[in-house]
file upload-v2.csv (CSV, C-alpha atoms)
chain,number,residue,atom,x,y,z
L,28,MET,CA,134.8,250.4,-13.8
L,29,LYS,CA,136.7,247.2,-14.3
L,30,GLU,CA,139.6,246.5,-12.0
L,31,ILE,CA,142.7,245.1,-13.6
L,32,LEU,CA,145.9,243.7,-11.9
L,33,VAL,CA,149.0,243.0,-14.0
L,34,CYS,CA,152.4,241.9,-12.8
L,35,GLY,CA,155.8,241.7,-14.6
L,36,THR,CA,159.3,241.1,-13.6
L,37,THR,CA,160.5,244.2,-15.5
L,38,LEU,CA,158.9,247.6,-16.1
L,39,PRO,CA,158.2,246.9,-19.9
L,40,GLN,CA,156.6,243.5,-19.1
L,41,ALA,CA,154.1,245.1,-16.7
L,42,TYR,CA,153.5,248.1,-18.9
L,43,HIS,CA,152.9,246.0,-22.0
L,44,LYS,CA,150.4,243.8,-20.1
L,45,ALA,CA,148.7,247.0,-18.9
L,46,LEU,CA,148.3,248.3,-22.5
L,47,LYS,CA,146.9,244.9,-23.6
L,48,ALA,CA,144.4,244.8,-20.8
L,49,LEU,CA,143.2,248.3,-21.5
L,50,GLU,CA,142.7,247.5,-25.2
L,51,GLU,CA,141.0,244.2,-24.6
L,52,GLU,CA,139.0,245.0,-21.5
L,53,GLY,CA,138.6,248.8,-21.3
L,54,GLN,CA,135.2,250.3,-21.3
L,55,THR,CA,134.5,253.0,-23.8
L,56,GLY,CA,132.6,256.0,-22.6
L,57,ALA,CA,132.3,259.8,-22.6
L,58,CYS,CA,135.0,262.2,-21.3
L,59,GLU,CA,133.1,265.5,-21.1
L,60,ASP,CA,136.0,267.5,-19.8
L,61,TRP,CA,137.9,266.9,-23.0
L,62,GLY,CA,134.9,266.7,-25.4
L,63,CYS,CA,135.7,263.2,-26.6
L,64,SER,CA,135.3,259.5,-25.7
L,65,GLN,CA,137.9,257.4,-23.9
L,66,LYS,CA,138.7,253.8,-23.1
L,67,GLU,CA,139.2,253.2,-19.4
L,68,VAL,CA,139.9,250.7,-16.6
L,69,SER,CA,141.2,250.9,-13.1
L,70,MET,CA,144.7,249.6,-13.3
L,71,THR,CA,147.2,248.2,-10.8
L,72,MET,CA,150.6,247.5,-12.4
L,73,VAL,CA,153.2,245.7,-10.2
L,74,VAL,CA,156.8,245.6,-11.2
L,75,GLU,CA,158.7,242.9,-9.2
L,76,GLU,CA,162.3,244.1,-10.2
L,77,PRO,CA,162.1,247.7,-11.3
L,78,LEU,CA,165.7,248.0,-12.2
L,79,ALA,CA,165.9,244.7,-14.1
L,80,GLU,CA,166.8,244.8,-17.8
L,81,PRO,CA,165.4,245.4,-20.3
L,82,MET,CA,164.1,248.5,-18.5
L,83,ILE,CA,163.0,250.6,-21.5
L,84,SER,CA,159.9,250.0,-23.6
L,85,ARG,CA,159.9,251.2,-27.2
L,86,LEU,CA,156.1,251.8,-26.9
L,87,PHE,CA,155.9,255.3,-25.6
L,88,ILE,CA,155.8,258.8,-27.1
L,89,GLY,CA,159.4,260.1,-27.2
L,90,GLY,CA,163.0,258.9,-27.1
L,91,PRO,CA,166.0,259.1,-24.9
L,92,SER,CA,166.0,262.9,-24.8
L,93,GLU,CA,162.4,263.2,-23.9
L,94,LEU,CA,162.7,260.5,-21.2
L,95,GLU,CA,165.7,262.2,-19.7
L,96,GLN,CA,164.0,265.6,-19.7
L,97,TYR,CA,161.1,264.1,-17.9
L,98,ARG,CA,163.3,262.4,-15.3
L,99,MET,CA,165.1,265.7,-14.7
L,100,GLU,CA,161.8,267.5,-14.3
L,101,MET,CA,160.6,265.2,-11.7
L,102,LEU,CA,163.8,264.5,-9.8
L,103,ASP,CA,165.7,267.7,-10.3
L,104,GLY,CA,163.1,270.4,-10.8
L,105,ILE,CA,164.6,271.8,-14.0
L,106,LEU,CA,161.2,273.4,-14.9
L,107,ASP,CA,160.1,274.6,-11.5
L,108,PHE,CA,160.7,278.2,-12.6
L,109,GLU,CA,157.6,277.9,-14.8
L,110,ILE,CA,155.5,278.2,-11.6
L,111,GLU,CA,157.1,281.5,-10.6
L,112,LYS,CA,156.6,282.8,-14.1
L,113,GLY,CA,152.9,281.9,-13.9
L,114,ASN,CA,152.9,279.5,-16.8
L,115,TRP,CA,152.3,276.4,-14.7
L,116,LYS,CA,150.3,275.8,-11.5
L,117,TYR,CA,152.6,273.1,-10.2
L,118,THR,CA,155.3,270.6,-10.9
L,119,TYR,CA,155.6,267.2,-9.3
L,120,HIS,CA,159.1,268.1,-8.1
L,121,ASP,CA,157.9,271.3,-6.5
L,122,ARG,CA,155.1,269.4,-4.7
L,123,ILE,CA,157.4,266.6,-3.3
L,124,LYS,CA,160.9,268.1,-2.9
L,125,ASP,CA,160.5,269.2,0.7
L,126,GLN,CA,158.9,265.8,1.7
L,127,ILE,CA,161.8,263.6,0.5
L,128,PRO,CA,164.0,264.2,3.5
L,129,PHE,CA,161.1,263.2,5.8
L,130,ILE,CA,160.8,259.9,3.9
L,131,ILE,CA,164.4,259.1,4.3
L,132,GLU,CA,164.5,260.1,8.0
L,133,GLU,CA,161.3,258.3,8.8
L,134,LEU,CA,162.5,255.0,7.3
L,135,LYS,CA,165.8,255.4,9.1
L,136,ARG,CA,163.9,255.9,12.3
L,137,SER,CA,161.7,253.0,11.8
L,138,PRO,CA,162.2,250.7,8.8
L,139,SER,CA,158.8,249.0,9.5
L,140,SER,CA,157.0,252.4,9.4
L,141,ARG,CA,153.8,252.8,7.5
L,142,ARG,CA,154.0,256.6,7.7
L,143,ALA,CA,156.5,257.3,4.9
L,144,VAL,CA,153.9,259.0,2.6
L,145,MET,CA,154.4,262.0,0.3
L,146,THR,CA,151.2,263.8,-0.6
L,147,VAL,CA,151.1,265.4,-4.1
L,148,ARG,CA,147.4,266.6,-4.0
L,149,THR,CA,146.9,270.0,-2.3
L,150,PRO,CA,143.9,272.1,-1.5
L,151,GLU,CA,144.8,274.1,-4.7
L,152,ASP,CA,143.6,271.1,-6.7
L,153,ILE,CA,140.1,271.4,-5.4
L,154,GLY,CA,138.0,273.0,-8.2
L,155,SER,CA,141.1,273.4,-10.4
L,156,ASP,CA,140.9,272.8,-14.2
L,157,ASP,CA,144.4,271.3,-14.0
L,158,PRO,CA,144.6,269.2,-10.8
L,159,ALA,CA,147.6,266.9,-10.2
L,160,CYS,CA,147.2,263.5,-11.7
L,161,MET,CA,149.6,261.8,-9.2
L,162,GLN,CA,148.1,261.9,-5.8
L,163,HIS,CA,150.5,260.3,-3.4
L,164,LEU,CA,153.6,258.1,-3.0
L,165,GLN,CA,154.2,255.6,-0.1
L,166,TYR,CA,157.4,253.8,0.7
L,167,PHE,CA,158.0,250.7,2.7
L,168,VAL,CA,161.1,248.9,3.8
L,169,ARG,CA,160.3,245.2,3.6
L,170,ASP,CA,162.7,242.2,3.3
L,171,GLY,CA,165.5,244.8,3.4
L,172,LYS,CA,164.4,246.5,0.2
L,173,LEU,CA,162.6,249.8,-0.6
L,174,ASP,CA,159.1,249.2,-2.0
L,175,CYS,CA,157.2,252.1,-3.7
L,176,LYS,CA,153.5,252.4,-4.2
L,177,VAL,CA,152.1,255.3,-6.1
L,178,LEU,CA,148.5,256.4,-6.7
L,179,PHE,CA,147.2,258.3,-9.8
L,180,ARG,CA,143.7,259.6,-10.0
L,181,SER,CA,144.1,259.7,-13.8
L,182,ASN,CA,146.8,258.3,-16.0
L,183,ASP,CA,147.1,258.5,-19.8
L,184,ALA,CA,148.2,254.9,-20.8
L,185,CYS,CA,149.8,255.7,-24.2
L,186,LYS,CA,151.3,259.1,-23.6
L,187,ALA,CA,152.3,259.3,-20.0
L,188,SER,CA,152.2,256.1,-17.9
L,189,PHE,CA,155.6,254.7,-19.0
L,190,MET,CA,157.5,257.9,-18.5
L,191,ASN,CA,155.7,258.5,-15.2
L,192,ALA,CA,156.7,255.0,-14.0
L,193,PHE,CA,160.3,255.3,-15.2
L,194,ALA,CA,160.9,258.6,-13.4
L,195,ILE,CA,159.2,257.4,-10.2
L,196,ILE,CA,161.4,254.3,-10.2
L,197,MET,CA,164.5,256.6,-10.6
L,198,LEU,CA,163.2,258.5,-7.5
L,199,GLN,CA,162.7,255.2,-5.7
L,200,LYS,CA,166.3,254.3,-6.5
L,201,ARG,CA,167.6,257.7,-5.2
L,202,ILE,CA,165.8,257.2,-1.9
L,203,ALA,CA,167.0,253.6,-1.6
L,204,ASP,CA,170.5,254.7,-2.2
L,205,ALA,CA,170.2,257.3,0.5
L,206,LEU,CA,169.0,254.6,2.8
L,207,GLY,CA,171.8,252.2,1.7
L,208,ILE,CA,169.4,249.4,0.7
L,209,PRO,CA,168.3,247.9,-2.7
L,210,VAL,CA,165.2,248.8,-4.6
L,211,GLY,CA,162.3,246.5,-4.0
L,212,THR,CA,158.9,246.3,-5.8
L,213,TYR,CA,157.1,249.1,-7.6
L,214,CYS,CA,153.3,249.3,-7.6
L,215,HIS,CA,151.7,251.8,-10.0
L,216,ARG,CA,147.9,252.3,-9.3
L,217,ALA,CA,145.8,254.4,-11.6
L,218,ASN,CA,142.1,254.7,-10.7
L,219,SER,CA,141.5,255.8,-14.3
L,220,TYR,CA,143.9,254.2,-16.7
L,221,HIS,CA,142.7,255.6,-20.0
L,222,CYS,CA,143.3,256.2,-23.7
L,223,TYR,CA,141.6,259.2,-25.4
L,224,GLU,CA,139.6,258.6,-28.6
L,225,LYS,CA,142.3,260.4,-30.7
L,226,ASP,CA,144.8,257.8,-29.5
L,227,PHE,CA,142.7,254.6,-30.0
L,228,GLU,CA,144.7,253.7,-33.1
L,229,MET,CA,148.0,254.3,-31.3
L,230,LEU,CA,146.9,251.9,-28.5
L,231,LYS,CA,145.9,249.3,-31.1
L,232,GLY,CA,149.2,249.7,-32.8
L,233,TYR,CA,151.1,249.2,-29.6
L,234,VAL,CA,149.2,246.1,-28.7
L,235,LYS,CA,149.7,244.7,-32.2
L,236,ARG,CA,153.5,245.1,-31.8
L,237,ILE,CA,153.4,243.4,-28.4
L,238,GLU,CA,151.5,240.5,-29.8
L,239,GLU,CA,153.7,240.1,-32.9
L,240,ASN,CA,157.2,240.7,-31.6
L,241,ASP,CA,159.5,239.1,-29.1
L,242,GLU,CA,160.4,241.1,-26.0
L,243,GLU,CA,163.9,242.1,-27.3
L,244,ASP,CA,162.2,243.6,-30.4
L,245,ILE,CA,160.1,246.1,-28.4
L,246,THR,CA,162.5,246.9,-25.5
L,247,PHE,CA,165.9,248.5,-25.0
L,248,GLU,CA,168.6,248.0,-22.3
L,249,TYR,CA,168.9,251.0,-20.0
L,250,GLU,CA,172.4,250.4,-18.5
L,251,GLY,CA,175.1,250.7,-21.1
L,252,ASP,CA,172.7,251.8,-23.7
L,253,TRP,CA,170.0,254.4,-23.1
L,254,GLU,CA,171.6,255.5,-19.9
L,255,GLU,CA,174.6,256.9,-21.8
L,256,ILE,CA,172.4,258.4,-24.6
L,257,MET,CA,170.2,260.1,-22.0
L,258,ALA,CA,173.3,261.5,-20.2
L,259,ASP,CA,174.6,262.8,-23.5
L,260,ALA,CA,171.3,264.6,-24.0
L,261,ARG,CA,171.5,266.6,-20.8
L,262,PRO,CA,173.6,269.6,-22.0
L,263,ALA,CA,171.1,270.3,-24.9
L,264,ILE,CA,168.2,269.9,-22.5
L,265,LEU,CA,169.7,272.3,-20.0
L,266,ALA,CA,170.5,274.8,-22.8
L,267,GLN,CA,166.9,274.7,-23.9
L,268,VAL,CA,165.7,275.1,-20.4
L,269,GLU,CA,167.9,278.2,-19.9
L,270,ILE,CA,166.3,279.7,-23.1
L,271,LEU,CA,162.9,279.1,-21.6
L,272,ARG,CA,164.0,280.6,-18.3
L,273,GLN,CA,165.1,283.8,-20.0
L,274,GLN,CA,162.0,284.3,-22.1
call {"tool": "encode", "arguments": {"input": "upload-v2.csv", "output": "structure tokens"}}
result
Amino acid sequence: MKEILVCGTTLPQAYHKALKALEEEGQTGACEDWGCSQKEVSMTMVVEEPLAEPMISRLFIGGPSELEQYRMEMLDGILDFEIEKGNWKYTYHDRIKDQIPFIIEELKRSPSSRRAVMTVRTPEDIGSDDPACMQHLQYFVRDGKLDCKVLFRSNDACKASFMNAFAIIMLQKRIADALGIPVGTYCHRANSYHCYEKDFEMLKGYVKRIEENDEEDITFEYEGDWEEIMADARPAILAQVEILRQQ
């Protein structure tokens, strides 16, 4: 499988380069588990300034409400109850929530530590038909900033990777704030960065927009723009979550 490294100052810059690289250099082959073909590379996506604007790409499935709900799922566990109800096998929040205090205390203990790792994969994933895609997160304090490196075994380029990265960067900021230091680099590694056959045209469309438009035409500002819209969406999200909880 081809190895790809892309770098960008902002999250959209790196994400857009990753989409282009997948479209142009991805290998098409079978995906037996889902009965289709897929385009695939191994992707390492580095974001040098994760909080730099513009932070939002227009090229992902969803809008402010969907992005805010996903952020709340990962950081606040608003859908963890689905595990207790037997509807889901896991959530990322449930897998990592008890490990976050260790990360903070470990990096307070030794800022040069290489031990600040949160493991997402568990023995339950062995043989599961729904194993976690994200495998682990590791944090480093270097040059007085908090760097984050995340590993995915599998990552849907068009429908998941931007939202994944955005939420994990928000978690990175939360941990950095707890440590009282700035956010450093973000490194997003996907051993299989892929697009399913049914989404080939979506990927081509995204790449066409990247090639034909200036950055400002395919991005949004987060601070002072989407941040407020996402905050306004929270009451409706929580109301819908409560309906799901009561069902």
call {"tool": "closest_residue", "arguments": {"input": "upload-v2.csv", "among": "L:Ala266, L:Met145, L:Leu32, L:Met101", "to": "Leu198 (chain L)", "atoms": "all atoms listed in the file"}}
result
L:Met101
call {"tool": "residues_near_point", "arguments": {"input": "upload-v2.csv", "point": "(150.4, 261.9, -9.8)", "cutoff": "7 Å", "atoms": "only C-alpha atoms", "output": "PyMOL selection string"}}
result
chain L and resi 147+159-163+178-179
call {"tool": "write_last_selection", "arguments": {"input": "upload-v2.csv", "atoms": "C-alpha atoms", "output": "PDB file, keeping the file's coordinate frame"}}
result
ATOM      1  CA  VAL L 147     151.100 265.400  -4.100  1.00  0.00           C
ATOM      2  CA  ALA L 159     147.600 266.900 -10.200  1.00  0.00           C
ATOM      3  CA  CYS L 160     147.200 263.500 -11.700  1.00  0.00           C
ATOM      4  CA  MET L 161     149.600 261.800  -9.200  1.00  0.00           C
ATOM      5  CA  GLN L 162     148.100 261.900  -5.800  1.00  0.00           C
ATOM      6  CA  HIS L 163     150.500 260.300  -3.400  1.00  0.00           C
ATOM      7  CA  LEU L 178     148.500 256.400  -6.700  1.00  0.00           C
ATOM      8  CA  PHE L 179     147.200 258.300  -9.800  1.00  0.00           C
TER       9      PHE L 179
END
call {"tool": "residues_around", "arguments": {"input": "upload-v2.csv", "residues": "Phe189 (chain L)", "least_positions_apart": "5", "cutoff": "9 Å", "atoms": "only C-alpha atoms", "output": "JSON list (two decimals) with C-alpha atoms, in the coordinates of the input"}}
result
[["chain", "number", "residue", "atom", "x", "y", "z"],
["L", 38, "LEU", "CA", 158.90, 247.60, -16.10],
["L", 39, "PRO", "CA", 158.20, 246.90, -19.90],
["L", 42, "TYR", "CA", 153.50, 248.10, -18.90],
["L", 83, "ILE", "CA", 163.00, 250.60, -21.50],
["L", 84, "SER", "CA", 159.90, 250.00, -23.60],
["L", 86, "LEU", "CA", 156.10, 251.80, -26.90],
["L", 87, "PHE", "CA", 155.90, 255.30, -25.60],
["L", 184, "ALA", "CA", 148.20, 254.90, -20.80],
["L", 194, "ALA", "CA", 160.90, 258.60, -13.40]]
call {"tool": "residues_around", "arguments": {"input": "upload-v2.csv", "residues": "Arg142 (chain L)", "least_positions_apart": "3", "cutoff": "12 Å", "atoms": "all atoms listed in the file", "output": "list in words"}}
result
Phe129, Ile130, Ile131, Glu132, Glu133, Leu134, Lys135, Arg136, Ser137, Pro138, Ser139, Met145, Thr146, Leu164, Gln165, Tyr166, Phe167 and Val168 of chain L
call {"tool": "closest_residue", "arguments": {"input": "upload-v2.csv", "among": "L:Ser92, L:Gln65, L:Gln54, L:Thr246", "to": "Lys225 (chain L)", "atoms": "only C-alpha atoms"}}
result
L:Gln65
call {"tool": "closest_residue", "arguments": {"input": "upload-v2.csv", "among": "L:Ile88, L:Leu94, L:Leu106, L:Val74", "to": "Gln267 (chain L)", "atoms": "all atoms listed in the file"}}
result
L:Leu106
call {"tool": "atom_distance", "arguments": {"input": "upload-v2.csv", "atom1": "CA of His215 (chain L)", "atom2": "CA of Ala79 (chain L)"}}
result
16.4 Å
call {"tool": "closest_residue", "arguments": {"input": "upload-v2.csv", "among": "L:Lys66, L:Lys176, L:Lys186, L:Lys44", "to": "Arg216 (chain L)", "atoms": "all atoms listed in the file"}}
result
L:Lys176
call {"tool": "residues_near_point", "arguments": {"input": "upload-v2.csv", "point": "(145.9, 260.3, -14.6)", "cutoff": "8 Å", "atoms": "only C-alpha atoms", "output": "list in words"}}
result
Cys160, Met161, Phe179, Arg180, Ser181, Asn182, Asp183, Ala217, Asn218, Ser219, Tyr220 and His221 of chain L
call {"tool": "atom_distance", "arguments": {"input": "upload-v2.csv", "atom1": "CA of Glu51 (chain L)", "atom2": "CA of Pro158 (chain L)"}}
result
28.8 Å
call {"tool": "residues_around", "arguments": {"input": "upload-v2.csv", "residues": "region 117-123 of chain L", "least_positions_apart": "3", "cutoff": "7 Å", "atoms": "only C-alpha atoms", "output": "list in words"}}
result
Glu100, Met101, Leu102, Asp103, Gly104, Asp107, Ile110, Gln126, Ile127, Met145 and Val147 of chain L
call {"tool": "closest_residue", "arguments": {"input": "upload-v2.csv", "among": "L:Glu95, L:Glu50, L:Asp226, L:Glu243", "to": "Cys185 (chain L)", "atoms": "all atoms listed in the file"}}
result
L:Asp226
call {"tool": "atom_distance", "arguments": {"input": "upload-v2.csv", "atom1": "CA of Leu46 (chain L)", "atom2": "CA of Gly89 (chain L)"}}
result
16.9 Å
call {"tool": "residues_around", "arguments": {"input": "upload-v2.csv", "residues": "Gln274 (chain L)", "least_positions_apart": "5", "cutoff": "12 Å", "atoms": "all atoms listed in the file", "output": "compact mmCIF listing (two decimals) with C-alpha atoms, in the frame of the given file"}}
result
# COMPACT_ATOMS: atom_id res chain seq x y z
CA PHE L 108 160.70 278.20 -12.60
CA GLU L 109 157.60 277.90 -14.80
CA LYS L 112 156.60 282.80 -14.10
CA ASN L 114 152.90 279.50 -16.80
CA GLN L 267 166.90 274.70 -23.90
CA VAL L 268 165.70 275.10 -20.40
CA GLU L 269 167.90 278.20 -19.90
call {"tool": "closest_residue", "arguments": {"input": "upload-v2.csv", "among": "L:Gln40, L:Ser69, L:Ser64, L:Gln96", "to": "Ala260 (chain L)", "atoms": "all atoms listed in the file"}}
result
L:Gln96
call {"tool": "closest_atom_pairs", "arguments": {"input": "upload-v2.csv", "of": "region 63-160 of chain L", "to": "region 247-250 of chain L", "cutoff": "6 Å", "atoms": "only C-alpha atoms", "output": "tab-separated table"}}
result
residue	atom	partner	partner_atom	distance
L:Glu80	CA	L:Glu248	CA	5.8
L:Pro81	CA	L:Glu248	CA	4.6
L:Met82	CA	L:Tyr249	CA	5.6
L:Ile83	CA	L:Phe247	CA	5.0
call {"tool": "decode", "arguments": {"input": "upload-v2.csv", "residues": "region 29-42 of chain L", "atoms": "C-alpha atoms", "output": "PDB file, in the first residue's frame"}}
result
ATOM      1  CA  LYS L  29       1.334   3.418  -0.908  1.00  0.00           C
ATOM      2  CA  GLU L  30       2.566   5.644   1.917  1.00  0.00           C
ATOM      3  CA  ILE L  31       1.546   9.308   1.720  1.00  0.00           C
ATOM      4  CA  LEU L  32       2.643  12.238   3.898  1.00  0.00           C
ATOM      5  CA  VAL L  33       0.861  15.577   3.627  1.00  0.00           C
ATOM      6  CA  CYS L  34       1.413  18.713   5.696  1.00  0.00           C
ATOM      7  CA  GLY L  35      -0.561  21.901   6.081  1.00  0.00           C
ATOM      8  CA  THR L  36      -0.557  24.925   8.325  1.00  0.00           C
ATOM      9  CA  THR L  37      -4.308  24.571   8.948  1.00  0.00           C
ATOM     10  CA  LEU L  38      -6.572  21.559   9.273  1.00  0.00           C
ATOM     11  CA  PRO L  39      -8.362  22.243   5.937  1.00  0.00           C
ATOM     12  CA  GLN L  40      -5.053  22.622   4.115  1.00  0.00           C
ATOM     13  CA  ALA L  41      -3.821  19.236   5.294  1.00  0.00           C
ATOM     14  CA  TYR L  42      -7.214  17.573   4.817  1.00  0.00           C
TER      15      TYR L  42
END
